[in-house]
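Asks: Pasting a structure below so you can have a look.
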Amino acid sequence: MLTGPYKIIEFANDNMLKIWGKDAAIIGLPHHIAIPELGEQNFGALIEKVYTSGIAFKGHEQKALIIQNGVVTKGYYNFVYEPIKDDQGVTSILIIADDVTEEVRTRKQANRTSQMLNMAIESAELGTWFFDIESLEFFPSTKLKSLFGFQAADLMPYTKAVDFISAEYRQEVIEAISSALKNGERYDLEFPISVNETGCIRWLRATGNLSKPDADKPSYFSGIVMDVTARKLDDQRKNDFIAMVSHELKTPLTSLKAYVQILILKASKVQDDYAVGALNKAEQQINKMTNLIKGFLDVARLEAGKINLNIEAFNISELIQEVVADANEIMSSHKIIFLPCKEIIVNADKDKIAQVITNFISNAVKYSARGKNIFVSCQEHQGMIQVSVKDEGIGIKSQDIDKLFSRFSRLENSDTQTISGFGIGLYLCAEIIKRHNGQIWVESEPGAGSTFHFSIQQLSTT
Ligand code: ADP
């Protein structure tokens, strides 16, 4: 309480003294002498105005520099200067103040963080959205609307956005989003849309997830969308190039192989054993090269969405036996052992499943020392058919396992340096198994060996 024209500090409680950064010695002194720094910052003038006008003043989150224990301290305060009057007019001023420095700082920091985040989102040209789980309302950002070809003021409900997704991707996107919402999973998808009105195709990458901050707080579902058209077109050009080069290389190899086969026949007729041996080796190398080129062609076809499954019913145990017999013929450096299993009929693409098993076996050969065993087995498990290829090779570190099945992924370390490859085999296997709605995975221990597995369900032929 400040009293009289000199605003003598009549009384101040401990909290007030703490805000002022002074001790009880200031009680009895005029306000402008006790806390001169406040007078210099216009608070003195405000107090004087309240005293002369009789009208209270309320300050909201006002910044003040106060010398607390000899140190200039910046703080924010809510306060009231309340005039106390008698018949003659104002006699004293009651000051009530609250230190809100912490709240203001936290809010300012939060504002700064969200400003920085917004700037980053804007400069990365990311569209963002938020889904209110309670009202089921969809809130797209202006950038997201523009990616879909809408103006900022246009309404873009979720159902309308979904309609723009190309038909062959729509169901997959809807299912991934619903499952993320239901099970709290994250999704990360790429799909083309036809942009509003113009109808031109734009490729988008969309990620999103359900955040559950606390059990008592509401969950929110949000995500980002970015334009990846330029990268997709680049990928497409690269794929077209790979497809063209592979195709051009395949043609001369086919005639080369035909000539080598004719020469083998001729050489065997004249019993030229040396020529037969050398030509057989040449043919093997041609086959190796043809397989490499076939791998590239498969990647290009796959990415252009041109791999179709040729589903038929067959006995997978018989197929494994054939693949193992072929592998034992060409890969004499290792013992490939088929652990027989009972007859299991599956509906799948026989050639492609054979390709996956062959790939597993040739990797097992490539990544284990000569003379080691490779075991191929098959079992039925909860309605799924599981095929496994186990080796006693170099193994794979657990941190590398996730990378194995992506395109052009090779593990670079001292063990694999000398082994050639392009990192497409397992990628193709994973894509083939994915198209059969199956699972592919590996268990491995560095130095002890790896077991690659895949499992497929019985596919419906209808
Ligand atoms: P690559 O042509 O390089 O063999 P893959 O896609 O078939 O391509 O395999 C990808 C990588 O996975 C390989 O480069 C290798 O590092 C690792 N890998 C695959 N199979 C095995 C295995 N049986 N044992 C150890 N590492 C393996």
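By order of appearance in the structure tokens: chains A, B, ..., then residues from 1 within every chain, and ligands from 1 in the order shown.
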Let me see if you get this right: every residue at most 7 Å from ligand 1, counting only C-alpha atoms and all ligand atoms, written as a list of chain:residue names.

Replies: A:Asn359, A:Phe360, A:Asn363, A:Ala364, A:Tyr367, A:Ser368, A:Asp391, A:Gly393, A:Ile394, A:Gly395, A:Ile396, A:Leu404, A:Phe405, A:Phe408, A:Ser409, A:Arg410, A:Leu411, A:Glu412, A:Thr416, A:Ser420, A:Gly421, A:Phe422, A:Gly423, A:Ile424, A:Gly425, A:Leu426, A:Tyr427, A:Gly449, A:Ser450

Asks: Could you pull out the strand (DSSP E or B) residues of region 159-385 of chain A, going by DSSP on the backbone, and write them as a PyMOL selection string?

Replies: chain A and resi 165+186-194+201-211+220-227+311-315+335-338+345-349+373-381+384-385

Asks: Write the residues of the selection above to a file with C-alpha atoms, as a CSV table (one decimal), in the first residue's frame.

Replies:
chain,number,residue,atom,x,y,z
A,165,ILE,CA,-6.6,-40.7,-55.6
A,186,ARG,CA,2.0,-45.1,-38.7
A,187,TYR,CA,1.6,-45.2,-42.5
A,188,ASP,CA,3.9,-44.0,-45.2
A,189,LEU,CA,2.5,-44.3,-48.8
A,190,GLU,CA,3.1,-43.0,-52.3
A,191,PHE,CA,0.2,-42.7,-54.7
A,192,PRO,CA,-0.9,-40.6,-57.7
A,193,ILE,CA,-3.8,-38.2,-57.7
A,194,SER,CA,-5.5,-36.4,-60.5
A,201,ILE,CA,-1.4,-36.4,-62.4
A,202,ARG,CA,0.6,-35.5,-59.3
A,203,TRP,CA,2.5,-38.1,-57.2
A,204,LEU,CA,2.2,-37.6,-53.4
A,205,ARG,CA,3.9,-39.1,-50.5
A,206,ALA,CA,1.7,-39.2,-47.4
A,207,THR,CA,2.6,-40.1,-43.9
A,208,GLY,CA,0.5,-39.9,-40.8
A,209,ASN,CA,-0.1,-41.4,-37.4
A,210,LEU,CA,-2.3,-41.4,-34.4
A,211,SER,CA,-0.8,-39.6,-31.4
A,220,TYR,CA,-5.2,-36.7,-32.5
A,221,PHE,CA,-4.7,-38.0,-35.9
A,222,SER,CA,-2.5,-35.9,-38.2
A,223,GLY,CA,0.1,-36.1,-41.0
A,224,ILE,CA,2.0,-34.5,-43.8
A,225,VAL,CA,1.7,-34.8,-47.6
A,226,MET,CA,4.5,-33.8,-50.0
A,227,ASP,CA,4.7,-33.6,-53.8
A,311,ILE,CA,-1.6,-68.2,-60.3
A,312,GLU,CA,-1.9,-72.0,-60.5
A,313,ALA,CA,-2.3,-74.9,-58.1
A,314,PHE,CA,0.9,-76.9,-57.5
A,315,ASN,CA,2.8,-79.0,-55.0
A,335,LYS,CA,25.9,-79.2,-50.2
A,336,ILE,CA,22.3,-78.1,-50.6
A,337,ILE,CA,20.1,-80.4,-48.6
A,338,PHE,CA,16.3,-80.6,-48.9
A,345,ILE,CA,-0.7,-77.8,-52.6
A,346,VAL,CA,-0.6,-74.0,-52.9
A,347,ASN,CA,-2.2,-71.6,-55.3
A,348,ALA,CA,0.6,-69.3,-56.4
A,349,ASP,CA,2.8,-68.2,-59.3
A,373,ASN,CA,25.7,-77.0,-45.8
A,374,ILE,CA,22.6,-75.3,-46.9
A,375,PHE,CA,19.2,-76.6,-45.6
A,376,VAL,CA,16.0,-76.0,-47.4
A,377,SER,CA,12.8,-76.9,-45.6
A,378,CYS,CA,9.1,-76.4,-45.8
A,379,GLN,CA,6.3,-76.6,-43.3
A,380,GLU,CA,2.6,-75.8,-42.8
A,381,HIS,CA,1.9,-73.4,-40.0
A,384,MET,CA,0.4,-70.6,-44.0
A,385,ILE,CA,3.1,-72.4,-45.9

Asks: Taking only C-alpha atoms into account, which of A:Leu253, A:Ile66, A:Met119, A:Ile95 comes nearest Val80 (chain A)?

Replies: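 Counting only C-alpha atoms, the residue closest to Val80 (chain A) is A:Ile95.
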
Asks: Using the chain letters and numbers from this document, which residues of region 110-259 of chain A does DSSP assign to alpha helix (DSSP H), as a PyMOL selection string?

Replies: chain A and resi 110-123+142-147+158-163+167-183+229-259

Asks: Please produce a file of those selected residues containing C-alpha atoms, as a tab-separated table (two decimals), in the first residue's frame.

Replies:
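Result file part-v9.tsv:
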chain	number	residue	atom	x	y	z
A	110	ALA	CA	6.06	-22.38	-27.53
A	111	ASN	CA	5.06	-19.66	-30.01
A	112	ARG	CA	8.62	-19.40	-31.27
A	113	THR	CA	8.85	-23.18	-31.66
A	114	SER	CA	5.57	-23.34	-33.54
A	115	GLN	CA	6.64	-20.38	-35.72
A	116	MET	CA	9.89	-22.17	-36.56
A	117	LEU	CA	7.99	-25.38	-37.28
A	118	ASN	CA	5.58	-23.50	-39.56
A	119	MET	CA	8.49	-21.89	-41.39
A	120	ALA	CA	10.14	-25.29	-41.86
A	121	ILE	CA	6.85	-26.81	-43.09
A	122	GLU	CA	6.35	-23.91	-45.49
A	123	SER	CA	9.87	-23.99	-46.88
A	142	THR	CA	-3.73	-24.34	-47.42
A	143	LYS	CA	-0.70	-26.07	-48.96
A	144	LEU	CA	-2.44	-29.45	-48.84
A	145	LYS	CA	-5.48	-27.94	-50.55
A	146	SER	CA	-3.24	-26.48	-53.25
A	147	LEU	CA	-1.57	-29.90	-53.81
A	158	TYR	CA	-11.69	-36.04	-46.56
A	159	THR	CA	-14.06	-37.96	-48.86
A	160	LYS	CA	-13.47	-35.47	-51.65
A	161	ALA	CA	-9.67	-35.75	-51.28
A	162	VAL	CA	-9.89	-39.56	-51.41
A	163	ASP	CA	-11.87	-39.38	-54.68
A	167	ALA	CA	-8.47	-45.80	-58.64
A	168	GLU	CA	-5.86	-48.56	-58.39
A	169	TYR	CA	-4.27	-47.00	-55.26
A	170	ARG	CA	-7.43	-45.70	-53.57
A	171	GLN	CA	-8.39	-48.82	-51.61
A	172	GLU	CA	-4.84	-49.36	-50.31
A	173	VAL	CA	-4.67	-45.74	-49.08
A	174	ILE	CA	-8.11	-45.90	-47.42
A	175	GLU	CA	-7.20	-49.17	-45.70
A	176	ALA	CA	-3.81	-47.88	-44.47
A	177	ILE	CA	-5.42	-44.73	-43.06
A	178	SER	CA	-8.28	-46.61	-41.37
A	179	SER	CA	-5.88	-49.14	-39.90
A	180	ALA	CA	-3.57	-46.34	-38.63
A	181	LEU	CA	-6.57	-44.70	-37.00
A	182	LYS	CA	-7.83	-47.95	-35.48
A	183	ASN	CA	-4.56	-49.50	-34.34
A	229	THR	CA	6.16	-36.03	-58.79
A	230	ALA	CA	9.66	-34.91	-59.89
A	231	ARG	CA	11.32	-37.88	-58.15
A	232	LYS	CA	8.73	-40.31	-59.52
A	233	LEU	CA	9.30	-39.03	-63.08
A	234	ASP	CA	13.06	-39.38	-62.56
A	235	ASP	CA	12.55	-42.92	-61.28
A	236	GLN	CA	10.37	-43.68	-64.25
A	237	ARG	CA	13.02	-42.39	-66.70
A	238	LYS	CA	15.66	-44.47	-64.89
A	239	ASN	CA	13.45	-47.56	-65.04
A	240	ASP	CA	12.73	-47.04	-68.73
A	241	PHE	CA	16.46	-46.74	-69.31
A	242	ILE	CA	17.24	-49.91	-67.32
A	243	ALA	CA	14.48	-51.77	-69.19
A	244	MET	CA	15.78	-50.60	-72.56
A	245	VAL	CA	19.45	-51.41	-71.83
A	246	SER	CA	18.58	-54.82	-70.37
A	247	HIS	CA	16.43	-55.64	-73.35
A	248	GLU	CA	19.15	-54.59	-75.80
A	249	LEU	CA	21.73	-56.72	-73.94
A	250	LYS	CA	19.46	-59.75	-73.86
A	251	THR	CA	19.11	-60.05	-77.64
A	252	PRO	CA	22.81	-60.59	-78.50
A	253	LEU	CA	23.18	-62.93	-75.49
A	254	THR	CA	20.37	-65.14	-76.81
A	255	SER	CA	22.11	-65.60	-80.16
A	256	LEU	CA	25.49	-66.05	-78.45
A	257	LYS	CA	23.95	-68.86	-76.40
A	258	ALA	CA	22.52	-70.49	-79.52
A	259	TYR	CA	25.95	-70.45	-81.21

Asks: CA of Gly21 (chain A) to CA of Asn78 (chain A): how many Å, to one decimal?

Replies: 16.4 Å

Asks: Residues within 8 Å of Lys74 (chain A), please, as a list in words. Count only C-alpha atoms; anything in the same chain fewer than 4 positions from it doesn't count.

Replies: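 Once the adjacent positions are removed, what remains is Lys63, Ala64, Leu65 and Ile66 of chain A.
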
Asks: Excluding region 81-85 of chain A and any residue of its chain fewer than 6 positions from it, enumerate the residues within 7 Å of it, using only C-alpha atoms, and give them as a list of chain:residue names.

Replies: A:Ile47, A:Val50, A:Tyr51, A:Gly54, A:Ile55, A:Ala56, A:Phe57, A:Lys58, A:Thr91, A:Ser92, A:Ile93, A:Leu94, A:Ile95, A:Ile96

Asks: Write out, as an mmCIF file, in the first residue's frame, the residues just selected, with N, CA, C and O atoms.

Replies:
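Full text of selection-v5.cif as output:
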data_model
loop_
_atom_site.group_PDB
_atom_site.id
_atom_site.type_symbol
_atom_site.label_atom_id
_atom_site.label_comp_id
_atom_site.auth_asym_id
_atom_site.auth_seq_id
_atom_site.Cartn_x
_atom_site.Cartn_y
_atom_site.Cartn_z
ATOM 1 N N ILE A 47 1.374 5.326 -11.521
ATOM 2 C CA ILE A 47 0.909 5.427 -10.123
ATOM 3 C C ILE A 47 0.381 6.851 -9.868
ATOM 4 O O ILE A 47 -0.693 7.066 -9.289
ATOM 5 N N VAL A 50 -3.037 7.320 -11.389
ATOM 6 C CA VAL A 50 -4.100 6.684 -10.599
ATOM 7 C C VAL A 50 -4.415 7.573 -9.388
ATOM 8 O O VAL A 50 -5.572 7.801 -9.027
ATOM 9 N N TYR A 51 -3.326 8.136 -8.817
ATOM 10 C CA TYR A 51 -3.492 8.975 -7.609
ATOM 11 C C TYR A 51 -4.305 10.233 -7.935
ATOM 12 O O TYR A 51 -5.210 10.611 -7.203
ATOM 13 N N GLY A 54 -7.965 8.988 -9.761
ATOM 14 C CA GLY A 54 -8.861 8.123 -8.970
ATOM 15 C C GLY A 54 -9.361 6.928 -9.772
ATOM 16 O O GLY A 54 -10.258 6.202 -9.354
ATOM 17 N N ILE A 55 -8.770 6.717 -10.935
ATOM 18 C CA ILE A 55 -9.202 5.572 -11.752
ATOM 19 C C ILE A 55 -8.138 4.465 -11.658
ATOM 20 O O ILE A 55 -6.937 4.725 -11.852
ATOM 21 N N ALA A 56 -8.601 3.262 -11.392
ATOM 22 C CA ALA A 56 -7.674 2.130 -11.221
ATOM 23 C C ALA A 56 -6.965 1.816 -12.537
ATOM 24 O O ALA A 56 -7.466 2.116 -13.624
ATOM 25 N N PHE A 57 -5.785 1.184 -12.434
ATOM 26 C CA PHE A 57 -5.068 0.748 -13.644
ATOM 27 C C PHE A 57 -4.738 -0.741 -13.506
ATOM 28 O O PHE A 57 -4.270 -1.192 -12.466
ATOM 29 N N LYS A 58 -5.024 -1.423 -14.590
ATOM 30 C CA LYS A 58 -4.712 -2.858 -14.570
ATOM 31 C C LYS A 58 -3.627 -3.131 -15.606
ATOM 32 O O LYS A 58 -3.782 -2.736 -16.768
ATOM 33 N N THR A 91 -6.427 8.684 -1.107
ATOM 34 C CA THR A 91 -5.467 8.790 -0.006
ATOM 35 C C THR A 91 -4.305 7.808 -0.195
ATOM 36 O O THR A 91 -3.170 8.113 0.133
ATOM 37 N N SER A 92 -4.595 6.650 -0.745
ATOM 38 C CA SER A 92 -3.531 5.647 -0.927
ATOM 39 C C SER A 92 -3.806 4.845 -2.213
ATOM 40 O O SER A 92 -4.884 4.937 -2.791
ATOM 41 N N ILE A 93 -2.786 4.057 -2.555
ATOM 42 C CA ILE A 93 -2.956 3.151 -3.713
ATOM 43 C C ILE A 93 -2.595 1.742 -3.250
ATOM 44 O O ILE A 93 -1.500 1.529 -2.678
ATOM 45 N N LEU A 94 -3.511 0.841 -3.526
ATOM 46 C CA LEU A 94 -3.259 -0.552 -3.175
ATOM 47 C C LEU A 94 -2.685 -1.241 -4.417
ATOM 48 O O LEU A 94 -3.253 -1.146 -5.504
ATOM 49 N N ILE A 95 -1.543 -1.880 -4.243
ATOM 50 C CA ILE A 95 -0.932 -2.583 -5.394
ATOM 51 C C ILE A 95 -1.070 -4.084 -5.174
ATOM 52 O O ILE A 95 -0.679 -4.591 -4.120
ATOM 53 N N ILE A 96 -1.660 -4.730 -6.157
ATOM 54 C CA ILE A 96 -1.701 -6.202 -6.114
ATOM 55 C C ILE A 96 -0.945 -6.674 -7.360
ATOM 56 O O ILE A 96 -1.278 -6.239 -8.468
#

Asks: List as a list in words the protein and nucleic acid residues near region 433-441 of chain A, meaning an atom at most 6 Å away when only C-alpha atoms are counted, but skip any in the same chain fewer than 4 places from it.

Replies: His453, Phe454, Ser455 and Ile456 of chain A
